[in-house]
Amino acid sequence: MDITPAIITDFRGYFNGAFSDAQKWTDDVVSDLLCQADSETGGSGWGAFELDCHNFKRKGMYYFAAAWLSFLYGKDPANGIDLIARLNVQSKQIGDESVAYRVPAMMEVNNDALTYTSYGQAFYRLRKRAGMGARVI
């Protein structure tokens, strides 16, 4: 799939301006993540991409790209990719004792990283729906 300027512009407006600053979130960075998102949503359960608010693949691509933009770059891509793997962690402290553990303990690392952001959680939910089986289009 060719990531056109129209798709990049549509993506920028999708999340109420979260990625609208083209100085901060350059077209190259956004295009690269949208290309990766296209690969992640390539199965038949996603359907074909269209610039339509009801399009399932469009939602999946945009949430995937937003999740990884947020996860990899944080709030400022000018700082480069954050090389520290962050995983969901829960901690509890009582007195001088504390314990920390990943949540949920049985989740694969790739899914755990994906659910680090609200965008990733939305993509994770959509990915589960995409794998459910037949869909009327």
# chains A, B, ... in the order shown; residues from 1 in each chain; ligands from 1
$ residues_around --residues "A:Gln121" --least-positions-apart "3" --cutoff "12 Å" --atoms "only C-alpha atoms" --output "JSON, numbers by chain"
{"A": [60, 63, 64, 66, 67, 68, 71, 88, 111, 112, 113, 114, 115, 116, 117, 118, 124, 125, 126, 127, 128]}
$ atom_distance --atom1 "atom CA of A:Ala37" --atom2 "atom CA of A:Phe56"
12.8 Å
$ residues_around --residues "A:Asp2" --least-positions-apart "4" --cutoff "10 Å" --atoms "only C-alpha atoms" --output "number ranges by chain"
A: 7, 31, 34-35, 38
$ closest_residue --among "A:Ser39, A:Tyr119, A:Phe49, A:Arg12" --to "A:Lys24" --atoms "only C-alpha atoms"
A:Arg12
$ closest_residue --among "A:Asp10, A:Pro77, A:Gln23, A:Ser98" --to "A:Asp52" --atoms "only C-alpha atoms"
A:Asp10
$ atom_distance --atom1 "atom CA of A:Gly13" --atom2 "atom CA of A:Ser44"
26.4 Å
$ select_by_dssp --residues "stretch 3-102 of chain A" --states "helix (DSSP H, G or I)" --output "PyMOL selection string"
chain A and resi 5-14+27-40+44-46+56-73+77-79
